[in-house]
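**Student:** Next comes upload.pdb, PDB, C-alpha atoms:
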MODEL        1
ATOM      1  CA  MET A  14     -21.972  17.349  14.008
ATOM      2  CA  ASN A  15     -22.697  13.661  13.325
ATOM      3  CA  ARG A  16     -21.449  10.828  15.529
ATOM      4  CA  THR A  17     -18.481   9.975  13.332
ATOM      5  CA  ASP A  18     -17.268  13.574  13.273
ATOM      6  CA  PHE A  19     -17.730  13.777  17.035
ATOM      7  CA  LEU A  20     -15.589  10.692  17.601
ATOM      8  CA  ARG A  21     -12.885  12.052  15.327
ATOM      9  CA  THR A  22     -12.911  15.361  17.187
ATOM     10  CA  LEU A  23     -12.766  13.578  20.525
ATOM     11  CA  ALA A  24      -9.800  11.586  19.308
ATOM     12  CA  GLY A  25      -7.892  14.700  18.319
ATOM     13  CA  GLY A  26      -7.515  15.989  21.840
ATOM     14  CA  SER A  27      -6.116  12.781  23.278
ATOM     15  CA  LEU A  28      -4.609  10.949  20.332
ATOM     16  CA  ALA A  29      -1.217  12.609  20.616
ATOM     17  CA  VAL A  30      -0.839  11.484  24.225
ATOM     18  CA  GLY A  31      -2.144   8.011  23.465
ATOM     19  CA  ALA A  32       0.089   7.588  20.434
ATOM     20  CA  PHE A  33       3.106   8.845  22.368
ATOM     21  CA  ALA A  34       2.335   6.400  25.175
ATOM     22  CA  ALA A  35       2.023   3.544  22.698
ATOM     23  CA  LYS A  36       5.289   4.568  20.988
ATOM     24  CA  ALA A  37       7.053   4.677  24.340
ATOM     25  CA  SER A  38       5.626   1.256  25.171
ATOM     26  CA  ALA A  39       6.878  -0.208  21.921
ATOM     27  CA  GLU A  40      10.351   1.250  22.407
ATOM     28  CA  THR A  41      10.847   0.509  26.094
ATOM     29  CA  GLY A  42       8.603  -2.482  26.743
ATOM     30  CA  THR A  43       6.668  -0.607  29.446
ATOM     31  CA  ASN A  44       4.000   2.052  29.482
ATOM     32  CA  PHE A  45       5.604   5.190  30.884
ATOM     33  CA  LEU A  46       2.248   6.443  32.160
ATOM     34  CA  PHE A  47       1.977   3.528  34.605
ATOM     35  CA  GLU A  48       5.629   2.685  35.270
ATOM     36  CA  ASN A  49       5.294   2.658  39.075
ATOM     37  CA  ALA A  50       1.704   1.406  39.182
ATOM     38  CA  PRO A  51       0.673  -2.202  39.861
ATOM     39  CA  PHE A  52      -1.029  -2.599  36.481
ATOM     40  CA  LYS A  53       0.583  -1.750  33.159
ATOM     41  CA  GLN A  54      -0.501  -1.664  29.546
ATOM     42  CA  ALA A  55       1.602  -4.019  27.444
ATOM     43  CA  PRO A  56       2.870  -2.794  24.067
ATOM     44  CA  LEU A  57       0.551  -3.452  21.153
ATOM     45  CA  PRO A  58       1.956  -6.546  19.402
ATOM     46  CA  TYR A  59       1.751  -4.949  15.939
ATOM     47  CA  ASP A  60       1.590  -1.530  14.278
ATOM     48  CA  PHE A  61      -1.615   0.488  14.513
ATOM     49  CA  GLY A  62      -2.238   0.037  10.788
ATOM     50  CA  ALA A  63      -1.382  -3.659  10.665
ATOM     51  CA  LEU A  64      -4.984  -4.852  10.706
ATOM     52  CA  GLU A  65      -6.207  -2.698   7.835
ATOM     53  CA  PRO A  66      -8.551  -2.857   6.011
ATOM     54  CA  SER A  67     -10.470  -4.939   8.570
ATOM     55  CA  ILE A  68      -9.727  -2.534  11.427
ATOM     56  CA  ASP A  69      -8.492   0.911  10.446
ATOM     57  CA  LYS A  70      -5.416   2.633  11.858
ATOM     58  CA  LEU A  71      -7.280   5.543  13.489
ATOM     59  CA  THR A  72      -9.624   3.199  15.339
ATOM     60  CA  MET A  73      -6.659   1.206  16.637
ATOM     61  CA  GLU A  74      -4.869   4.367  17.751
ATOM     62  CA  ILE A  75      -7.914   5.541  19.696
ATOM     63  CA  HIS A  76      -8.851   2.095  20.980
ATOM     64  CA  TYR A  77      -5.408   1.214  22.325
ATOM     65  CA  GLY A  78      -4.045   4.665  23.073
ATOM     66  CA  LYS A  79      -7.169   6.134  24.665
ATOM     67  CA  HIS A  80      -9.717   3.501  25.720
ATOM     68  CA  HIS A  81      -7.425   0.707  26.881
ATOM     69  CA  ALA A  82      -5.009   3.170  28.455
ATOM     70  CA  ALA A  83      -7.888   4.735  30.385
ATOM     71  CA  TYR A  84      -8.942   1.361  31.808
ATOM     72  CA  VAL A  85      -5.408   0.781  33.096
ATOM     73  CA  LYS A  86      -5.145   4.249  34.635
ATOM     74  CA  ASN A  87      -8.585   4.015  36.226
ATOM     75  CA  LEU A  88      -7.868   0.533  37.589
ATOM     76  CA  ASN A  89      -4.663   1.748  39.215
ATOM     77  CA  ASP A  90      -6.551   4.663  40.747
ATOM     78  CA  ALA A  91      -9.393   2.431  41.938
ATOM     79  CA  VAL A  92      -7.224  -0.171  43.720
ATOM     80  CA  LYS A  93      -5.029   2.387  45.476
ATOM     81  CA  GLY A  94      -5.234   1.920  49.248
ATOM     82  CA  THR A  95      -7.510  -1.142  48.987
ATOM     83  CA  ALA A  96      -6.987  -4.868  49.508
ATOM     84  CA  PHE A  97      -7.079  -5.277  45.717
ATOM     85  CA  GLU A  98      -3.861  -3.307  45.259
ATOM     86  CA  SER A  99      -1.729  -6.360  46.023
ATOM     87  CA  LYS A 100      -3.746  -8.788  43.906
ATOM     88  CA  SER A 101      -2.964  -9.829  40.344
ATOM     89  CA  LEU A 102      -5.283  -8.882  37.514
ATOM     90  CA  GLU A 103      -6.326 -12.529  37.200
ATOM     91  CA  GLU A 104      -7.227 -12.666  40.898
ATOM     92  CA  ILE A 105      -9.302  -9.515  40.581
ATOM     93  CA  ILE A 106     -11.133 -10.895  37.538
ATOM     94  CA  LYS A 107     -12.006 -14.158  39.297
ATOM     95  CA  MET A 108     -13.501 -12.322  42.293
ATOM     96  CA  ALA A 109     -15.066  -9.481  40.303
ATOM     97  CA  GLY A 110     -18.431 -10.003  41.973
ATOM     98  CA  LYS A 111     -16.886  -8.949  45.290
ATOM     99  CA  ALA A 112     -15.077  -5.941  43.857
ATOM    100  CA  PRO A 113     -16.336  -2.348  43.739
ATOM    101  CA  ALA A 114     -17.772  -1.378  40.353
ATOM    102  CA  ALA A 115     -14.747   0.738  39.381
ATOM    103  CA  ILE A 116     -12.379  -2.180  39.967
ATOM    104  CA  ARG A 117     -14.614  -4.727  38.265
ATOM    105  CA  ASN A 118     -15.250  -2.554  35.195
ATOM    106  CA  ASN A 119     -11.724  -1.261  34.705
ATOM    107  CA  GLY A 120     -10.107  -4.570  35.600
ATOM    108  CA  GLY A 121     -12.318  -6.265  33.042
ATOM    109  CA  GLY A 122     -11.539  -3.588  30.489
ATOM    110  CA  HIS A 123      -7.801  -4.064  30.975
ATOM    111  CA  TRP A 124      -7.930  -7.876  30.819
ATOM    112  CA  ASN A 125     -10.352  -7.991  27.879
ATOM    113  CA  HIS A 126      -8.390  -5.590  25.713
ATOM    114  CA  THR A 127      -5.046  -7.247  26.420
ATOM    115  CA  PHE A 128      -6.628 -10.545  25.371
ATOM    116  CA  PHE A 129      -8.291  -8.979  22.310
ATOM    117  CA  TRP A 130      -5.036  -7.596  20.898
ATOM    118  CA  SER A 131      -3.443 -11.033  21.238
ATOM    119  CA  VAL A 132      -6.040 -12.933  19.198
ATOM    120  CA  MET A 133      -5.585 -10.709  16.145
ATOM    121  CA  GLY A 134      -2.635 -10.184  13.850
ATOM    122  CA  ALA A 135      -1.411  -8.988  10.479
ATOM    123  CA  GLY A 136      -1.585 -11.561   7.715
ATOM    124  CA  LYS A 137      -3.763 -13.855   9.814
ATOM    125  CA  GLY A 138      -7.353 -14.986   9.334
ATOM    126  CA  GLY A 139      -8.333 -17.899   7.166
ATOM    127  CA  ILE A 140      -9.565 -21.236   8.442
ATOM    128  CA  PRO A 141      -8.230 -22.831  11.629
ATOM    129  CA  THR A 142      -6.440 -26.162  11.499
ATOM    130  CA  GLY A 143      -5.349 -28.807  13.964
ATOM    131  CA  ALA A 144      -6.873 -29.066  17.428
ATOM    132  CA  VAL A 145      -8.886 -25.845  17.062
ATOM    133  CA  ALA A 146     -10.495 -27.023  13.831
ATOM    134  CA  ASP A 147     -11.220 -30.425  15.350
ATOM    135  CA  ALA A 148     -12.826 -28.885  18.445
ATOM    136  CA  ILE A 149     -14.919 -26.448  16.401
ATOM    137  CA  ASN A 150     -16.126 -29.149  14.008
ATOM    138  CA  ALA A 151     -16.952 -31.517  16.861
ATOM    139  CA  GLN A 152     -18.936 -28.887  18.764
ATOM    140  CA  PHE A 153     -20.606 -26.894  15.982
ATOM    141  CA  GLY A 154     -20.574 -29.195  12.965
ATOM    142  CA  SER A 155     -18.494 -26.954  10.723
ATOM    143  CA  PHE A 156     -16.470 -23.759  10.695
ATOM    144  CA  ASP A 157     -19.276 -21.948   8.858
ATOM    145  CA  LYS A 158     -21.787 -22.982  11.536
ATOM    146  CA  PHE A 159     -19.386 -21.801  14.215
ATOM    147  CA  LYS A 160     -18.978 -18.404  12.524
ATOM    148  CA  GLU A 161     -22.750 -18.107  12.238
ATOM    149  CA  GLU A 162     -23.280 -18.763  15.952
ATOM    150  CA  PHE A 163     -20.404 -16.516  17.016
ATOM    151  CA  GLY A 164     -21.692 -13.765  14.746
ATOM    152  CA  LYS A 165     -25.130 -14.069  16.281
ATOM    153  CA  ALA A 166     -23.682 -13.683  19.778
ATOM    154  CA  ALA A 167     -21.741 -10.610  18.658
ATOM    155  CA  THR A 168     -24.533  -8.872  16.770
ATOM    156  CA  THR A 169     -27.325  -9.576  19.254
ATOM    157  CA  ARG A 170     -25.413  -8.380  22.338
ATOM    158  CA  PHE A 171     -27.568  -5.410  23.331
ATOM    159  CA  GLY A 172     -25.566  -2.260  23.895
ATOM    160  CA  SER A 173     -21.885  -2.656  24.709
ATOM    161  CA  GLY A 174     -20.084  -5.901  25.448
ATOM    162  CA  TRP A 175     -18.112  -8.835  24.123
ATOM    163  CA  ALA A 176     -18.633 -12.090  22.225
ATOM    164  CA  TRP A 177     -16.631 -15.116  23.373
ATOM    165  CA  LEU A 178     -15.590 -18.610  22.411
ATOM    166  CA  VAL A 179     -14.718 -20.444  25.609
ATOM    167  CA  ALA A 180     -13.451 -23.864  26.587
ATOM    168  CA  ASN A 181     -14.978 -25.503  29.638
ATOM    169  CA  LYS A 182     -14.423 -29.097  30.726
ATOM    170  CA  GLY A 183     -13.276 -30.170  27.278
ATOM    171  CA  LYS A 184     -16.135 -28.528  25.374
ATOM    172  CA  LEU A 185     -16.445 -25.278  23.464
ATOM    173  CA  SER A 186     -19.305 -22.828  23.829
ATOM    174  CA  ILE A 187     -20.237 -19.395  22.533
ATOM    175  CA  GLY A 188     -21.779 -16.541  24.459
ATOM    176  CA  SER A 189     -21.540 -12.862  25.233
ATOM    177  CA  THR A 190     -21.067 -10.630  28.256
ATOM    178  CA  PRO A 191     -22.165  -7.047  28.930
ATOM    179  CA  ASN A 192     -19.870  -4.074  29.377
ATOM    180  CA  GLN A 193     -16.361  -5.256  30.388
ATOM    181  CA  ASP A 194     -17.364  -8.559  31.993
ATOM    182  CA  ASN A 195     -15.765 -11.787  30.786
ATOM    183  CA  PRO A 196     -16.255 -15.547  31.258
ATOM    184  CA  LEU A 197     -13.563 -15.805  33.955
ATOM    185  CA  MET A 198     -15.596 -13.632  36.320
ATOM    186  CA  ASP A 199     -17.562 -15.245  39.098
ATOM    187  CA  ILE A 200     -20.642 -13.237  38.064
ATOM    188  CA  SER A 201     -20.538 -14.165  34.364
ATOM    189  CA  GLU A 202     -23.456 -16.064  32.844
ATOM    190  CA  ILE A 203     -21.085 -17.852  30.458
ATOM    191  CA  LYS A 204     -18.305 -19.748  32.224
ATOM    192  CA  GLY A 205     -15.034 -21.070  30.901
ATOM    193  CA  THR A 206     -11.611 -20.083  29.663
ATOM    194  CA  PRO A 207     -11.750 -17.583  26.779
ATOM    195  CA  ILE A 208      -9.914 -18.756  23.693
ATOM    196  CA  LEU A 209     -11.336 -16.104  21.326
ATOM    197  CA  GLY A 210     -13.055 -12.794  22.005
ATOM    198  CA  LEU A 211     -14.499  -9.887  20.040
ATOM    199  CA  ASP A 212     -15.073  -6.378  21.342
ATOM    200  CA  VAL A 213     -18.489  -5.110  20.213
ATOM    201  CA  TRP A 214     -18.424  -1.763  21.977
ATOM    202  CA  GLU A 215     -19.141   1.010  19.454
ATOM    203  CA  HIS A 216     -15.695   2.516  19.941
ATOM    204  CA  ALA A 217     -14.211  -0.686  18.489
ATOM    205  CA  TYR A 218     -15.787  -0.182  15.064
ATOM    206  CA  TYR A 219     -17.912   2.964  14.707
ATOM    207  CA  LEU A 220     -15.379   5.188  12.904
ATOM    208  CA  HIS A 221     -15.101   2.730  10.016
ATOM    209  CA  TYR A 222     -18.350   0.751  10.097
ATOM    210  CA  GLN A 223     -20.737   3.237  11.757
ATOM    211  CA  ASN A 224     -23.831   1.270  12.865
ATOM    212  CA  LYS A 225     -23.016  -1.769  10.696
ATOM    213  CA  ARG A 226     -21.834  -4.107  13.415
ATOM    214  CA  PRO A 227     -22.382  -7.236  11.248
ATOM    215  CA  ASP A 228     -19.865  -5.880   8.712
ATOM    216  CA  TYR A 229     -17.309  -5.400  11.487
ATOM    217  CA  VAL A 230     -17.919  -8.946  12.732
ATOM    218  CA  LYS A 231     -17.471 -10.315   9.221
ATOM    219  CA  ALA A 232     -14.197  -8.408   8.788
ATOM    220  CA  PHE A 233     -12.904  -9.739  12.104
ATOM    221  CA  TRP A 234     -12.417 -13.215  10.601
ATOM    222  CA  GLN A 235      -9.766 -11.785   8.283
ATOM    223  CA  VAL A 236      -7.468 -10.914  11.209
ATOM    224  CA  VAL A 237      -8.039 -13.711  13.745
ATOM    225  CA  ASN A 238      -4.746 -15.155  14.966
ATOM    226  CA  TRP A 239      -5.612 -18.848  14.994
ATOM    227  CA  ASP A 240      -2.142 -19.754  16.266
ATOM    228  CA  GLN A 241      -2.889 -17.798  19.450
ATOM    229  CA  VAL A 242      -6.360 -19.319  19.680
ATOM    230  CA  ALA A 243      -4.730 -22.759  19.478
ATOM    231  CA  ALA A 244      -2.324 -21.801  22.274
ATOM    232  CA  ASN A 245      -5.257 -20.586  24.370
ATOM    233  CA  LEU A 246      -7.118 -23.866  23.783
ATOM    234  CA  LYS A 247      -4.064 -25.880  24.764
ATOM    235  CA  LYS A 248      -3.814 -24.030  28.089
ATOM    236  CA  ALA A 249      -7.575 -24.137  28.828
TER     237      ALA A 249
ENDMDL
END
What's the structure tokens form of this structure?

**Tutor:**
Amino acid sequence: MNRTDFLRTLAGGSLAVGAFAAKASAETGTNFLFENAPFKQAPLPYDFGALEPSIDKLTMEIHYGKHHAAYVKNLNDAVKGTAFESKSLEEIIKMAGKAPAAIRNNGGGHWNHTFFWSVMGAGKGGIPTGAVADAINAQFGSFDKFKEEFGKAATTRFGSGWAWLVANKGKLSIGSTPNQDNPLMDISEIKGTPILGLDVWEHAYYLHYQNKRPDYVKAFWQVVNWDQVAANLKKA
């Protein structure tokens, strides 16, 4: 059995639960699996197939319904009976260096994925305008240069992790973090407020792109929600 077949088989056993959870979330506005827990998985802001062909429907079903859901469940389990149980997700992220590994990793996974879903959308992509375009051109020279640098951060991240565009003290910068770390964490090498992020874990792209991460990165530009990126920049 090759890796793609293995991932499809793995999905089969849990996809029904994940899809049902996502459907319940979309219909009720809450995730029934975590209704009484401190941390909840927000409904996906679009249909599973909305990002095709850039990101396929099956990958989205597994990614949201299995991987993200697992981070939320594991975070709720990890904080139970600890001082972190009463803290917000943002508070946990900012003090991740002081948190046990299970809280840091799952808290990061929950925050990162919630952010990731928000910066993509159906019928999006294209070239940014307004303040985002001005900031990118001022910092990187052009949109093409920006995409080149962001793509390099995404494709050269060894193993699993994320690529980020962050705003810090009025300037933009690009970098990457390992595993489920992000630039808001006190232990992150890149500091700032994320305004755009890309998941480069294999589960984010392997079913459709296999080992061709650069192709996945290239396709990402077709679904970037620049309106949300602009809102993130405004709040940074």

**Student:** For the atom pair atom CA of A:Asp60 and atom CA of A:Gln193, what is the interatomic distance in Å to one decimal place?

**Tutor:** 24.4 Å

**Student:** Could you tell me, as a ChimeraX atom specification, exactly which residues end up selected when the PyMOL selection byres ((chain A and resi 80-94) around 6) is applied to this structure?

**Tutor:** /A:76-79,95,97-98,116,119-120,122-123

**Student:** Using the chain letters and numbering of this document, enumerate as an MDAnalysis selection string the residues selected by the PyMOL selection byres ((chain A and resi 67) around 9).

**Tutor:** chainID A and resid 64:66 68:69 229 231:236

**Student:** Compile the contact shell of stretch 208-217 of chain A as a PyMOL selection string: residues with an atom at most 6 Å away, counting only C-alpha atoms, same-chain residues fewer than 6 positions apart removed.

**Tutor:** chain A and resi 173-179+242+245-246

**Student:** Write out as lines of an AutoDock Vina configuration file an axis-aligned box for stretch 65-79 of chain A: all of its atoms listed in the file, 4 Å added on each side, centre and edge lengths in Å with one decimal.

**Tutor:**
center_x = -7.3
center_y = 0.6
center_z = 15.3
size_x = 14.4
size_y = 19.1
size_z = 26.7

**Student:** Calculate how many Å separate atom CA of A:Tyr219 from atom CA of A:Asp157, rounding to one decimal.

**Tutor:** 25.6 Å

**Student:** Using only C-alpha atoms, find the one residue out of A:Asn195, A:Asp147, A:Phe153, A:Val230 that sits nearest to A:Asn118.

**Tutor:** A:Asn195

**Student:** Compare A:Met108, A:Ala244, A:Ala151, A:Ala115 by their minimum atom-to-atom distance to A:Pro196, counting all atoms listed in the file, and give me the closest one.

**Tutor:**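 That would be A:Met108, the residue with the smallest distance to A:Pro196.
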
**Student:** Between A:Ala167, A:Ala180, A:Ala109, A:Met198, single out the one closest to A:Asp228, counting all atoms listed in the file.

**Tutor:**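 Looking only at the distances to A:Asp228, the closest residue turns out to be A:Ala167.
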
**Student:** Taking (-3.9, -19.3, 13.0) in the file's coordinates, which residues come within 8 Å, counting only C-alpha atoms, written as a list in words?

**Tutor:**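 Nearby residues: Lys137, Gly138, Gly139, Ile140, Pro141, Thr142, Val237, Asn238, Trp239, Asp240, Gln241, Val242 and Ala243 of chain A.
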
**Student:** Would you mind telling me which residue in A:Ala249, A:Lys70, A:Lys160, A:Asp199 lies nearest to A:Leu220 when using only C-alpha atoms?

**Tutor:**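 Checking each candidate against A:Leu220, we get A:Lys70 as the closest.
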
**Student:** Could you tell me how far atom CA of A:Met73 lies from atom CA of A:Phe61, in Å and to one decimal?

**Tutor:** 5.5 Å

**Student:** Using only C-alpha atoms, can you tell me which of A:Thr206, A:Asn224, A:Arg170, A:Gly164 comes closest to A:Glu103?

**Tutor:** A:Thr206
